[in-house]
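K.L.:
My structure is in model_11.txt, and what it holds is compact mmCIF, C-alpha atoms and all ligand atoms:
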```txt
# COMPACT_ATOMS: atom_id res chain seq x y z
CA MET Q 1 18.38 25.29 6.08
CA LEU Q 2 18.72 21.55 6.31
CA SER Q 3 18.94 19.99 2.89
CA PHE Q 4 17.90 16.41 2.44
CA SER Q 5 17.49 14.19 -0.55
CA PRO Q 6 14.06 12.57 -0.81
CA LYS Q 7 13.78 8.85 -0.13
CA ARG Q 8 13.50 7.03 -3.45
CA ILE Q 9 10.52 4.65 -3.43
CA LEU Q 10 8.77 2.20 -5.70
CA ILE Q 11 5.17 1.35 -4.78
CA ASP Q 12 3.85 -2.13 -5.61
CA THR Q 13 0.11 -1.76 -5.39
CA ASP Q 14 -3.38 -3.12 -6.17
CA PRO Q 15 -5.25 0.21 -6.43
CA GLY Q 16 -7.79 -0.12 -4.54
CA ILE Q 17 -9.24 2.65 -2.43
CA ASP Q 18 -6.72 2.70 0.40
CA ASP Q 19 -3.94 2.19 -2.15
CA ALA Q 20 -5.15 5.36 -3.89
CA ALA Q 21 -4.98 7.19 -0.57
CA ALA Q 22 -1.42 5.91 -0.05
CA ILE Q 23 -0.36 7.03 -3.55
CA LEU Q 24 -1.80 10.51 -2.89
CA LEU Q 25 -0.01 10.66 0.47
CA ALA Q 26 3.25 9.77 -1.25
CA LEU Q 27 2.71 12.53 -3.82
CA ALA Q 28 1.95 14.95 -1.00
CA SER Q 29 5.21 14.19 0.80
CA PRO Q 30 8.42 15.98 -0.25
CA GLU Q 31 10.32 13.48 1.86
CA LEU Q 32 9.64 10.92 -0.88
CA ARG Q 33 10.40 10.59 -4.58
CA VAL Q 34 8.01 8.12 -6.21
CA GLU Q 35 9.96 6.45 -9.02
CA GLY Q 36 7.24 4.14 -10.20
CA LEU Q 37 4.07 2.22 -9.52
CA SER Q 38 4.08 -1.52 -10.20
CA ILE Q 39 0.58 -2.95 -10.35
CA VAL Q 40 -0.54 -6.32 -9.05
CA HIS Q 41 -3.86 -8.23 -8.95
CA GLY Q 42 -5.74 -7.96 -5.67
CA ASN Q 43 -8.44 -5.44 -4.85
CA CYS Q 44 -9.29 -5.45 -8.56
CA SER Q 45 -7.87 -7.00 -11.72
CA VAL Q 46 -4.36 -5.98 -12.69
CA ASP Q 47 -5.66 -4.24 -15.82
CA GLN Q 48 -8.21 -2.26 -13.84
CA GLY Q 49 -5.43 -1.49 -11.37
CA VAL Q 50 -3.23 -0.12 -14.17
CA THR Q 51 -6.07 2.13 -15.37
CA ASN Q 52 -6.75 3.30 -11.82
CA ALA Q 53 -3.08 4.03 -11.16
CA LEU Q 54 -2.73 6.09 -14.35
CA SER Q 55 -5.93 8.01 -13.54
CA ILE Q 56 -4.86 8.71 -9.95
CA LEU Q 57 -1.49 10.05 -11.13
CA GLU Q 58 -3.23 12.30 -13.67
CA LEU Q 59 -5.64 13.51 -11.00
CA ALA Q 60 -2.62 14.53 -8.91
CA GLN Q 61 -0.75 16.05 -11.87
CA ALA Q 62 1.93 13.35 -11.54
CA ALA Q 63 1.54 11.60 -14.88
CA HIS Q 64 5.34 11.64 -15.29
CA ILE Q 65 5.62 8.73 -12.85
CA PRO Q 66 5.91 5.40 -14.71
CA VAL Q 67 3.29 2.68 -14.24
CA VAL Q 68 3.99 -0.97 -15.08
CA ARG Q 69 1.63 -3.93 -15.32
CA GLY Q 70 2.49 -6.94 -13.16
CA CYS Q 71 1.03 -10.32 -12.36
CA GLU Q 72 -2.63 -10.93 -12.99
CA ARG Q 73 -3.02 -13.85 -10.58
CA PRO Q 74 -1.33 -15.46 -7.57
CA LEU Q 75 1.64 -17.85 -7.92
CA VAL Q 76 -0.37 -20.93 -6.91
CA GLN Q 77 -3.73 -19.96 -5.36
CA PRO Q 78 -6.84 -19.26 -7.45
CA SER Q 79 -7.50 -15.61 -8.20
CA LEU Q 80 -9.34 -13.65 -5.49
CA LEU Q 81 -10.44 -10.06 -5.99
CA ALA Q 82 -12.30 -7.74 -3.58
CA PRO Q 83 -15.21 -6.03 -5.41
CA GLU Q 84 -17.32 -6.15 -2.24
CA THR Q 85 -14.71 -3.94 -0.55
CA HIS Q 86 -13.44 -1.68 -3.33
CA GLY Q 87 -16.20 -1.89 -5.96
CA GLN Q 88 -16.14 -3.45 -9.43
CA MET Q 89 -13.75 -0.78 -10.73
CA GLY Q 90 -11.61 -0.76 -7.60
CA LEU Q 91 -12.18 2.88 -6.56
CA GLY Q 92 -15.60 2.62 -4.94
CA TYR Q 93 -18.06 5.23 -6.20
CA ALA Q 94 -15.30 7.43 -7.62
CA GLN Q 95 -15.27 7.69 -11.40
CA LEU Q 96 -12.05 9.23 -12.68
CA PRO Q 97 -11.70 10.20 -16.36
CA PRO Q 98 -10.07 7.48 -18.47
CA PRO Q 99 -6.31 8.12 -18.43
CA HIS Q 100 -4.49 9.70 -21.38
CA THR Q 101 -1.20 8.07 -20.37
CA LYS Q 102 -0.20 4.45 -20.91
CA PRO Q 103 1.82 2.01 -18.82
CA LEU Q 104 5.36 1.15 -19.85
CA SER Q 105 5.54 -2.02 -21.95
CA GLN Q 106 7.98 -3.56 -19.44
CA HIS Q 107 6.62 -6.20 -17.03
CA ALA Q 108 6.54 -5.05 -13.40
CA CYS Q 109 8.98 -7.76 -12.34
CA ASP Q 110 11.55 -6.60 -14.88
CA PHE Q 111 10.93 -2.96 -13.94
CA LEU Q 112 11.50 -3.68 -10.25
CA ILE Q 113 14.69 -5.66 -11.01
CA GLU Q 114 16.05 -3.04 -13.41
CA ARG Q 115 15.34 -0.04 -11.20
CA VAL Q 116 16.64 -1.60 -7.97
CA LEU Q 117 19.78 -3.11 -9.51
CA SER Q 118 20.56 0.23 -11.19
CA ALA Q 119 20.84 1.82 -7.73
CA PRO Q 120 21.84 -0.84 -5.20
CA GLY Q 121 20.98 0.10 -1.61
CA GLU Q 122 19.16 3.27 -2.63
CA ILE Q 123 15.57 2.25 -3.38
CA THR Q 124 12.83 1.44 -0.85
CA ILE Q 125 9.94 -0.71 -1.99
CA VAL Q 126 6.50 -0.15 -0.47
CA ALA Q 127 4.36 -3.26 -1.06
CA ILE Q 128 0.69 -2.60 -0.38
CA GLY Q 129 -0.91 -5.43 -2.32
CA PRO Q 130 -0.41 -9.18 -2.68
CA LEU Q 131 3.32 -9.90 -3.02
CA THR Q 132 3.22 -11.78 -6.33
CA ASN Q 133 5.29 -9.26 -8.34
CA LEU Q 134 8.04 -9.04 -5.75
CA ALA Q 135 8.20 -12.80 -5.19
CA LEU Q 136 8.49 -13.49 -8.91
CA ALA Q 137 11.14 -10.77 -9.29
CA LEU Q 138 13.14 -12.38 -6.48
CA ARG Q 139 12.96 -15.76 -8.19
CA LYS Q 140 13.96 -14.27 -11.53
CA GLU Q 141 16.82 -12.18 -10.10
CA PRO Q 142 18.01 -13.38 -6.65
CA ARG Q 143 20.47 -10.44 -6.48
CA LEU Q 144 17.41 -8.25 -5.92
CA ALA Q 145 17.28 -9.26 -2.24
CA GLN Q 146 20.64 -7.68 -1.49
CA ALA Q 147 20.02 -4.59 -3.62
CA VAL Q 148 16.75 -3.39 -2.07
CA LYS Q 149 17.41 -0.73 0.56
CA GLU Q 150 14.35 -1.71 2.63
CA LEU Q 151 10.88 -3.10 2.13
CA PHE Q 152 7.68 -1.92 3.83
CA ILE Q 153 4.84 -4.43 3.59
CA MET Q 154 1.22 -3.68 4.39
CA GLY Q 155 0.03 -7.16 5.20
CA GLY Q 156 -0.55 -9.88 7.71
CA ALA Q 157 -2.29 -10.08 11.05
CA ILE Q 158 -0.14 -11.06 14.03
CA ARG Q 159 -2.34 -10.91 17.15
CA HIS Q 160 -5.27 -9.37 15.24
CA GLU Q 161 -8.06 -11.35 13.57
CA GLY Q 162 -8.09 -11.69 9.82
CA ASN Q 163 -10.08 -9.51 7.44
CA THR Q 164 -10.43 -12.11 4.70
CA THR Q 165 -10.63 -15.36 6.68
CA PRO Q 166 -11.08 -15.38 10.46
CA LEU Q 167 -7.29 -15.69 10.66
CA ALA Q 168 -5.73 -14.22 7.52
CA GLU Q 169 -5.30 -10.72 6.13
CA PHE Q 170 -6.14 -10.11 2.43
CA ASN Q 171 -2.67 -9.48 0.93
CA THR Q 172 -1.07 -12.54 2.54
CA TYR Q 173 -4.16 -14.70 2.01
CA VAL Q 174 -4.50 -13.91 -1.70
CA ASP Q 175 -0.92 -15.00 -2.36
CA PRO Q 176 0.55 -16.78 0.68
CA HIS Q 177 3.27 -18.47 -1.37
CA ALA Q 178 4.51 -15.07 -2.57
CA ALA Q 179 4.47 -13.79 0.99
CA HIS Q 180 6.48 -16.85 2.07
CA ILE Q 181 9.14 -16.15 -0.57
CA VAL Q 182 9.37 -12.47 0.39
CA PHE Q 183 9.34 -13.06 4.16
CA HIS Q 184 12.38 -15.37 3.82
CA SER Q 185 14.25 -13.34 1.19
CA GLY Q 186 16.61 -11.56 3.57
CA ILE Q 187 15.41 -8.11 2.49
CA PRO Q 188 15.21 -5.67 5.46
CA ILE Q 189 11.46 -5.77 6.07
CA THR Q 190 9.07 -3.64 8.09
CA LEU Q 191 5.72 -5.41 8.36
CA VAL Q 192 2.65 -3.20 8.88
CA PRO Q 193 -0.11 -5.66 9.87
CA LEU Q 194 -3.78 -5.25 10.72
CA ASP Q 195 -2.70 -5.01 14.37
CA VAL Q 196 -1.86 -1.35 13.71
CA THR Q 197 -3.79 -0.51 10.55
CA TYR Q 198 -7.17 -1.52 12.00
CA GLN Q 199 -6.74 1.20 14.62
CA CYS Q 200 -6.47 3.81 11.84
CA ILE Q 201 -10.07 4.56 10.90
CA LEU Q 202 -10.77 7.48 8.60
CA THR Q 203 -14.14 8.95 9.51
CA GLU Q 204 -16.67 11.41 8.17
CA ALA Q 205 -15.18 14.01 10.53
CA HIS Q 206 -11.79 13.67 8.82
CA LEU Q 207 -13.36 14.06 5.38
CA GLN Q 208 -15.27 17.17 6.53
CA LYS Q 209 -11.90 18.83 7.25
CA LEU Q 210 -11.08 18.42 3.56
CA ASP Q 211 -14.50 19.38 2.17
CA PRO Q 212 -13.94 23.18 2.10
CA LEU Q 213 -11.08 22.74 -0.36
CA PRO Q 214 -12.37 23.31 -3.93
CA SER Q 215 -10.10 20.58 -5.23
CA PRO Q 216 -10.72 17.31 -7.09
CA ILE Q 217 -8.60 15.40 -4.54
CA PRO Q 218 -10.99 15.63 -1.54
CA ALA Q 219 -13.94 15.05 -3.88
CA PHE Q 220 -12.27 11.88 -5.18
CA LEU Q 221 -11.46 10.66 -1.68
CA ARG Q 222 -15.02 11.26 -0.52
CA GLN Q 223 -16.50 9.28 -3.43
CA ALA Q 224 -13.98 6.46 -3.10
CA THR Q 225 -14.24 6.15 0.68
CA ARG Q 226 -18.04 6.38 0.72
CA TYR Q 227 -18.17 2.88 -0.83
CA TYR Q 228 -15.38 1.70 1.50
CA MET Q 229 -17.22 3.05 4.56
CA GLU Q 230 -20.41 1.27 3.52
CA PHE Q 231 -18.42 -1.98 3.34
CA HIS Q 232 -16.90 -1.47 6.78
CA ASP Q 233 -20.26 -0.64 8.27
CA GLN Q 234 -22.07 -3.59 6.70
CA TYR Q 235 -19.43 -6.29 7.22
CA GLN Q 236 -17.50 -5.16 10.32
CA ALA Q 237 -19.73 -2.56 12.08
CA ILE Q 238 -16.96 0.03 11.78
CA ALA Q 239 -18.01 3.69 11.56
CA GLY Q 240 -15.53 4.83 8.95
CA CYS Q 241 -12.91 3.00 6.86
CA VAL Q 242 -9.57 1.45 7.68
CA ILE Q 243 -6.76 3.16 5.77
CA ASN Q 244 -4.22 0.33 5.84
CA ASP Q 245 -1.94 1.35 2.97
CA PRO Q 246 -1.39 5.03 3.88
CA LEU Q 247 -0.01 3.94 7.26
CA ALA Q 248 2.53 1.62 5.63
CA LEU Q 249 3.51 4.42 3.23
CA ALA Q 250 3.81 6.99 6.02
CA LEU Q 251 6.19 4.79 8.02
CA THR Q 252 8.79 5.05 5.25
CA PHE Q 253 9.54 8.60 6.48
CA ARG Q 254 7.61 8.86 9.74
CA PRO Q 255 8.77 5.74 11.61
CA ASP Q 256 7.93 7.56 14.84
CA LEU Q 257 4.24 6.91 14.23
CA CYS Q 258 4.59 3.28 15.31
CA ASP Q 259 6.33 1.06 17.83
CA TYR Q 260 8.11 -2.05 16.55
CA GLN Q 261 9.44 -5.43 17.59
CA GLU Q 262 12.13 -7.42 15.78
CA LEU Q 263 10.50 -10.85 15.30
CA TYR Q 264 10.69 -14.08 13.38
CA VAL Q 265 7.51 -14.07 11.31
CA ASP Q 266 6.23 -16.76 8.99
CA VAL Q 267 3.08 -17.33 6.92
CA ASP Q 268 1.09 -20.55 6.69
CA ILE Q 269 1.09 -22.19 3.25
CA SER Q 270 -0.08 -25.64 4.40
CA GLY Q 271 -3.44 -25.17 2.73
CA GLY Q 272 -5.68 -25.69 5.75
CA VAL Q 273 -7.83 -23.34 7.80
CA CYS Q 274 -4.75 -21.21 8.60
CA MET Q 275 -3.82 -20.60 4.96
CA GLY Q 276 -2.22 -17.15 4.65
CA LYS Q 277 -2.13 -16.61 8.42
CA THR Q 278 0.98 -14.75 9.57
CA PHE Q 279 2.42 -15.62 12.97
CA ALA Q 280 5.29 -14.27 15.07
CA ASP Q 281 7.67 -16.18 17.35
CA PHE Q 282 7.38 -13.87 20.37
CA TYR Q 283 8.98 -16.40 22.76
CA HIS Q 284 11.81 -17.49 20.42
CA MET Q 285 10.52 -21.07 20.37
CA THR Q 286 11.69 -21.75 16.82
CA GLY Q 287 15.25 -20.69 17.52
CA LYS Q 288 15.13 -18.78 14.26
CA PRO Q 289 16.48 -15.22 14.09
CA ALA Q 290 14.17 -12.27 13.51
CA ASN Q 291 13.46 -11.75 9.81
CA MET Q 292 11.57 -8.49 10.11
CA ARG Q 293 10.57 -5.48 12.15
CA VAL Q 294 6.86 -5.59 12.96
CA ALA Q 295 4.78 -2.50 13.76
CA LEU Q 296 2.63 -3.42 16.75
CA GLY Q 297 1.72 -0.04 18.25
CA VAL Q 298 0.55 3.12 16.50
CA CYS Q 299 -0.07 6.77 17.38
CA VAL Q 300 -3.52 6.75 15.81
CA ASN Q 301 -4.54 10.40 16.02
CA ALA Q 302 -1.09 11.63 15.10
CA PHE Q 303 -1.20 9.52 11.94
CA LEU Q 304 -4.76 10.37 10.94
CA ASP Q 305 -4.19 14.10 11.51
CA PHE Q 306 -0.96 13.86 9.52
CA PHE Q 307 -2.74 12.10 6.66
CA VAL Q 308 -5.51 14.74 6.50
CA GLN Q 309 -3.00 17.59 6.74
CA ARG Q 310 -0.89 16.20 3.89
CA ILE Q 311 -3.90 15.59 1.64
CA ALA Q 312 -5.05 19.16 2.32
CA THR Q 313 -1.61 20.50 1.43
CA LEU Q 314 -1.55 18.50 -1.79
CA SER Q 315 -5.03 19.75 -2.70
CA ARG Q 316 -4.03 23.39 -2.19
CA LYS Q 317 -0.78 22.90 -4.10
CA LEU Q 318 -2.60 21.45 -7.11
CA LEU Q 319 -5.18 24.24 -6.97
CA ASN Q 320 -2.44 26.88 -7.02
CA GLU Q 321 -0.69 25.12 -9.90
CA GLU Q 322 -3.94 25.01 -11.87
CA VAL Q 323 -4.49 28.75 -11.26
CA GLU Q 324 -0.93 29.51 -12.38
CA GLN Q 325 -1.37 27.39 -15.53
CA GLU Q 326 -4.61 29.22 -16.36
CA GLY Q 327 -2.82 32.45 -15.33
O1 LIG B 1 -5.93 -6.19 4.06
C1 LIG B 1 -5.79 -4.87 3.60
C2 LIG B 1 -4.92 -4.82 2.38
O2 LIG B 1 -5.49 -5.60 1.32
C3 LIG B 1 -4.81 -3.40 1.81
O3 LIG B 1 -3.59 -3.26 1.14
C4 LIG B 1 -5.94 -3.36 0.83
O4 LIG B 1 -5.73 -2.37 -0.18
C5 LIG B 1 -5.86 -4.74 0.23
O5 LIG B 1 -4.85 -4.75 -0.77
CA CA B 2 -3.64 -2.55 -1.21
```
Show this structure as structure tokens.

P.N.:
Amino acid sequence: MLSFSPKRILIDTDPGIDDAAAILLALASPELRVEGLSIVHGNCSVDQGVTNALSILELAQAAHIPVVRGCERPLVQPSLLAPETHGQMGLGYAQLPPPHTKPLSQHACDFLIERVLSAPGEITIVAIGPLTNLALALRKEPRLAQAVKELFIMGGAIRHEGNTTPLAEFNTYVDPHAAHIVFHSGIPITLVPLDVTYQCILTEAHLQKLDPLPSPIPAFLRQATRYYMEFHDQYQAIAGCVINDPLALALTFRPDLCDYQELYVDVDISGGVCMGKTFADFYHMTGKPANMRVALGVCVNAFLDFFVQRIATLSRKLLNEEVEQEG
């Protein structure tokens, strides 16, 4: 029997529908130990994000995981939220009960610094929202860069068109200055851009595989993604919804799902039409060394089947636990 210790992760998130799916995938994966959720502005306000995170954890019987409130707006740019994509409350048509639990009083930046410095080289950060919290933490405590084991970022668009401007992806566009700080921090980064996430489309057929489970998890996902699918259909003629964040989360323990290239990547902060656009130096024209590993190919069906299978397993596990508790 092989014994392994779970990978310790902190998720910095703007929950958000696909963020919620990523959090559930993390909770469904014994390969991971989620040590906290730090919340950032983005898909919805940071306060709505805190409420959503607490509710999602309670839904999944994981209310022991700490939640901390982070930055409510970008470092420099004006605030930009995404109600058209995730709904006013950030979780589409899903309406979770108000949470009983509260966030810690600590700011997310201080939480990230404290937790990572308490275990240098042991904690992986999964950043699936705008990078404001992480950038500010790096500025407050520069030692953070050397103490983070690795950083997975859902963000950017390398050869792929933008989803927020014709060129830029949402997380890097909302706070390009934060992305610039993080991209040049020296942390070992895996970037998971739209180039791979936009191939990962959750469809009605996937949801139907979860429907037979009498669990609140599939019901939540169906309500949340129904709004998200309507957005994708109306704005991008996509039959389904792109689950960006779960792919980034999955790569923390299933790196085999993607192919990568070591590249020098930067993000435009010049304020023009390319604001927030991420670009890679494929032909080494800048002479600068690679600053990250970029996922550029993905095993789409393997990932989507894995996601559905893990959510199904989590749903059954919670059902069994509820039966035992009522026992
Ligand atoms: O562009 C997609 C990313 O922006 C995802 O993380 C989504 O949740 C939003 O934060
Ligand atoms: Ca997100």

K.L.:
Would you list the residues that come within 6 Å of ligand LIG 1 (chain B)? Count only C-alpha atoms and all ligand atoms and give the answer as JSON, numbers by chain.

P.N.:
{"Q": [14, 16, 18, 19, 42, 43, 128, 129, 154, 169, 170, 171, 244, 245]}

K.L.:
So that I can see what lies close to Phe183 in chain Q, please list as a VMD selection string the residues with an atom at most 12 Å from it, counting all atoms listed in the file and leaving out residues fewer than 6 positions away in the same chain.

P.N.:
chain Q and resid 131 134 to 135 138 145 151 to 153 155 to 156 172 176 to 177 189 to 191 263 to 268 278 to 280 290 to 294

K.L.:
Using only C-alpha atoms, please write the residues we just selected to a file, as a PDB file, keeping the file's coordinate frame.

P.N.:
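That gives us result11.pdb:
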```pdb
ATOM      1  CA  LEU Q 131       3.320  -9.900  -3.020  1.00  0.00           C
ATOM      2  CA  LEU Q 134       8.040  -9.040  -5.750  1.00  0.00           C
ATOM      3  CA  ALA Q 135       8.200 -12.800  -5.190  1.00  0.00           C
ATOM      4  CA  LEU Q 138      13.140 -12.380  -6.480  1.00  0.00           C
ATOM      5  CA  ALA Q 145      17.280  -9.260  -2.240  1.00  0.00           C
ATOM      6  CA  LEU Q 151      10.880  -3.100   2.130  1.00  0.00           C
ATOM      7  CA  PHE Q 152       7.680  -1.920   3.830  1.00  0.00           C
ATOM      8  CA  ILE Q 153       4.840  -4.430   3.590  1.00  0.00           C
ATOM      9  CA  GLY Q 155       0.030  -7.160   5.200  1.00  0.00           C
ATOM     10  CA  GLY Q 156      -0.550  -9.880   7.710  1.00  0.00           C
ATOM     11  CA  THR Q 172      -1.070 -12.540   2.540  1.00  0.00           C
ATOM     12  CA  PRO Q 176       0.550 -16.780   0.680  1.00  0.00           C
ATOM     13  CA  HIS Q 177       3.270 -18.470  -1.370  1.00  0.00           C
ATOM     14  CA  ILE Q 189      11.460  -5.770   6.070  1.00  0.00           C
ATOM     15  CA  THR Q 190       9.070  -3.640   8.090  1.00  0.00           C
ATOM     16  CA  LEU Q 191       5.720  -5.410   8.360  1.00  0.00           C
ATOM     17  CA  LEU Q 263      10.500 -10.850  15.300  1.00  0.00           C
ATOM     18  CA  TYR Q 264      10.690 -14.080  13.380  1.00  0.00           C
ATOM     19  CA  VAL Q 265       7.510 -14.070  11.310  1.00  0.00           C
ATOM     20  CA  ASP Q 266       6.230 -16.760   8.990  1.00  0.00           C
ATOM     21  CA  VAL Q 267       3.080 -17.330   6.920  1.00  0.00           C
ATOM     22  CA  ASP Q 268       1.090 -20.550   6.690  1.00  0.00           C
ATOM     23  CA  THR Q 278       0.980 -14.750   9.570  1.00  0.00           C
ATOM     24  CA  PHE Q 279       2.420 -15.620  12.970  1.00  0.00           C
ATOM     25  CA  ALA Q 280       5.290 -14.270  15.070  1.00  0.00           C
ATOM     26  CA  ALA Q 290      14.170 -12.270  13.510  1.00  0.00           C
ATOM     27  CA  ASN Q 291      13.460 -11.750   9.810  1.00  0.00           C
ATOM     28  CA  MET Q 292      11.570  -8.490  10.110  1.00  0.00           C
ATOM     29  CA  ARG Q 293      10.570  -5.480  12.150  1.00  0.00           C
ATOM     30  CA  VAL Q 294       6.860  -5.590  12.960  1.00  0.00           C
TER      31      VAL Q 294
END
```

K.L.:
To one decimal place in Å, what is the distance between CA of His180 in chain Q and CA of Glu122 in chain Q?

P.N.:
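Value for the CA of His180 in chain Q-CA of Glu122 in chain Q distance: 24.2 Å.
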
K.L.:
Could you name the residues that touch Leu117 in chain Q at 10 Å or less, counting all atoms listed in the file, but leaving out those on the same chain fewer than 6 positions away, as a short mmCIF file (atom, residue, chain, number, x, y, z; two decimals) with C-alpha atoms, keeping the file's coordinate frame?

P.N.:
```cif
data_model
loop_
_atom_site.label_atom_id
_atom_site.label_comp_id
_atom_site.auth_asym_id
_atom_site.auth_seq_id
_atom_site.Cartn_x
_atom_site.Cartn_y
_atom_site.Cartn_z
CA PHE Q 111 10.93 -2.96 -13.94
CA ILE Q 123 15.57 2.25 -3.38
CA GLU Q 141 16.82 -12.18 -10.10
CA ARG Q 143 20.47 -10.44 -6.48
CA LEU Q 144 17.41 -8.25 -5.92
CA ALA Q 145 17.28 -9.26 -2.24
CA GLN Q 146 20.64 -7.68 -1.49
CA ALA Q 147 20.02 -4.59 -3.62
CA VAL Q 148 16.75 -3.39 -2.07
#
```

K.L.:
Separation of CA of Thr51 in chain Q and CA of Ile125 in chain Q, in Å?

P.N.:
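Separation between CA of Thr51 in chain Q and CA of Ile125 in chain Q: 21.1 Å.
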
K.L.:
Taking all atoms listed in the file into account, name the residue in Q:Thr197, Q:Ser5, Q:Gln61, Q:Gln95 that is nearest to ligand CA 2 (chain B).

P.N.:
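Going through Q:Thr197, Q:Ser5, Q:Gln61, Q:Gln95 one by one, the smallest distance to ligand CA 2 (chain B) is for Q:Thr197.
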
K.L.:
Please list as a list in words every residue within 12 Å of Leu257 in chain Q, counting all atoms listed in the file and excluding residues in the same chain fewer than 6 positions away.

P.N.:
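Here the qualifying residues turn out to be Val192, Val196, Thr197, Cys200, Pro246, Leu247, Ala248, Leu249, Ala250, Leu251, Ala295, Leu296, Gly297, Val298, Cys299, Val300, Asn301, Ala302, Phe303, Leu304, Asp305, Phe306 and Phe307 of chain Q.
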
K.L.:
Could those selected residues go to a file with C-alpha atoms, as a compact mmCIF listing (two decimals), in the frame of the given file?

P.N.:
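The new file result_15.txt reads:
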```txt
# COMPACT_ATOMS: atom_id res chain seq x y z
CA VAL Q 192 2.65 -3.20 8.88
CA VAL Q 196 -1.86 -1.35 13.71
CA THR Q 197 -3.79 -0.51 10.55
CA CYS Q 200 -6.47 3.81 11.84
CA PRO Q 246 -1.39 5.03 3.88
CA LEU Q 247 -0.01 3.94 7.26
CA ALA Q 248 2.53 1.62 5.63
CA LEU Q 249 3.51 4.42 3.23
CA ALA Q 250 3.81 6.99 6.02
CA LEU Q 251 6.19 4.79 8.02
CA ALA Q 295 4.78 -2.50 13.76
CA LEU Q 296 2.63 -3.42 16.75
CA GLY Q 297 1.72 -0.04 18.25
CA VAL Q 298 0.55 3.12 16.50
CA CYS Q 299 -0.07 6.77 17.38
CA VAL Q 300 -3.52 6.75 15.81
CA ASN Q 301 -4.54 10.40 16.02
CA ALA Q 302 -1.09 11.63 15.10
CA PHE Q 303 -1.20 9.52 11.94
CA LEU Q 304 -4.76 10.37 10.94
CA ASP Q 305 -4.19 14.10 11.51
CA PHE Q 306 -0.96 13.86 9.52
CA PHE Q 307 -2.74 12.10 6.66
```

K.L.:
Determine, for each residue of range 2-113 of chain Q having at least one atom at most 7 Å from an atom of range 207-224 of chain Q, the closest pair of atoms and their separation in Å to one decimal, counting all atoms listed in the file; order by chain and ascending number, as a tab-separated table.

P.N.:
```
residue	atom	partner	partner_atom	distance
Q:Ile17	CA	Q:Ala224	CA	6.1
Q:Leu91	CA	Q:Ala224	CA	5.3
Q:Gly92	CA	Q:Ala224	CA	4.6
Q:Tyr93	CA	Q:Gln223	CA	5.1
Q:Ala94	CA	Q:Gln223	CA	4.7
```

K.L.:
Mind rebuilding range 6-18 of chain Q with N, CA and C atoms and writing that out as a tab-separated table (two decimals), in the coordinates of the input?

P.N.:
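Result went into rebuild-v7.tsv, see below:
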```
chain	number	residue	atom	x	y	z
Q	6	PRO	N	15.26	13.38	-1.05
Q	6	PRO	CA	14.06	12.57	-0.81
Q	6	PRO	C	14.39	11.08	-0.86
Q	7	LYS	N	13.62	10.31	-0.10
Q	7	LYS	CA	13.78	8.85	-0.13
Q	7	LYS	C	13.17	8.33	-1.43
Q	8	ARG	N	13.96	7.57	-2.17
Q	8	ARG	CA	13.50	7.03	-3.45
Q	8	ARG	C	12.64	5.79	-3.18
Q	9	ILE	N	11.38	5.81	-3.68
Q	9	ILE	CA	10.52	4.65	-3.43
Q	9	ILE	C	9.86	4.15	-4.71
Q	10	LEU	N	9.62	2.85	-4.70
Q	10	LEU	CA	8.77	2.20	-5.70
Q	10	LEU	C	7.58	1.62	-4.94
Q	11	ILE	N	6.37	1.85	-5.45
Q	11	ILE	CA	5.17	1.35	-4.78
Q	11	ILE	C	4.58	0.20	-5.60
Q	12	ASP	N	4.49	-0.98	-4.96
Q	12	ASP	CA	3.85	-2.13	-5.61
Q	12	ASP	C	2.43	-2.22	-5.04
Q	13	THR	N	1.44	-2.11	-5.89
Q	13	THR	CA	0.11	-1.76	-5.39
Q	13	THR	C	-1.02	-2.41	-6.20
Q	14	ASP	N	-2.17	-2.58	-5.50
Q	14	ASP	CA	-3.38	-3.12	-6.17
Q	14	ASP	C	-4.52	-2.10	-6.03
Q	15	PRO	N	-4.35	-0.94	-6.69
Q	15	PRO	CA	-5.25	0.21	-6.43
Q	15	PRO	C	-6.68	-0.02	-6.91
Q	16	GLY	N	-7.42	-0.07	-5.94
Q	16	GLY	CA	-7.79	-0.12	-4.54
Q	16	GLY	C	-7.87	1.29	-3.92
Q	17	ILE	N	-8.91	1.37	-3.04
Q	17	ILE	CA	-9.24	2.65	-2.43
Q	17	ILE	C	-8.16	3.11	-1.46
Q	18	ASP	N	-7.73	2.22	-0.53
Q	18	ASP	CA	-6.72	2.70	0.40
Q	18	ASP	C	-5.35	2.80	-0.26
```
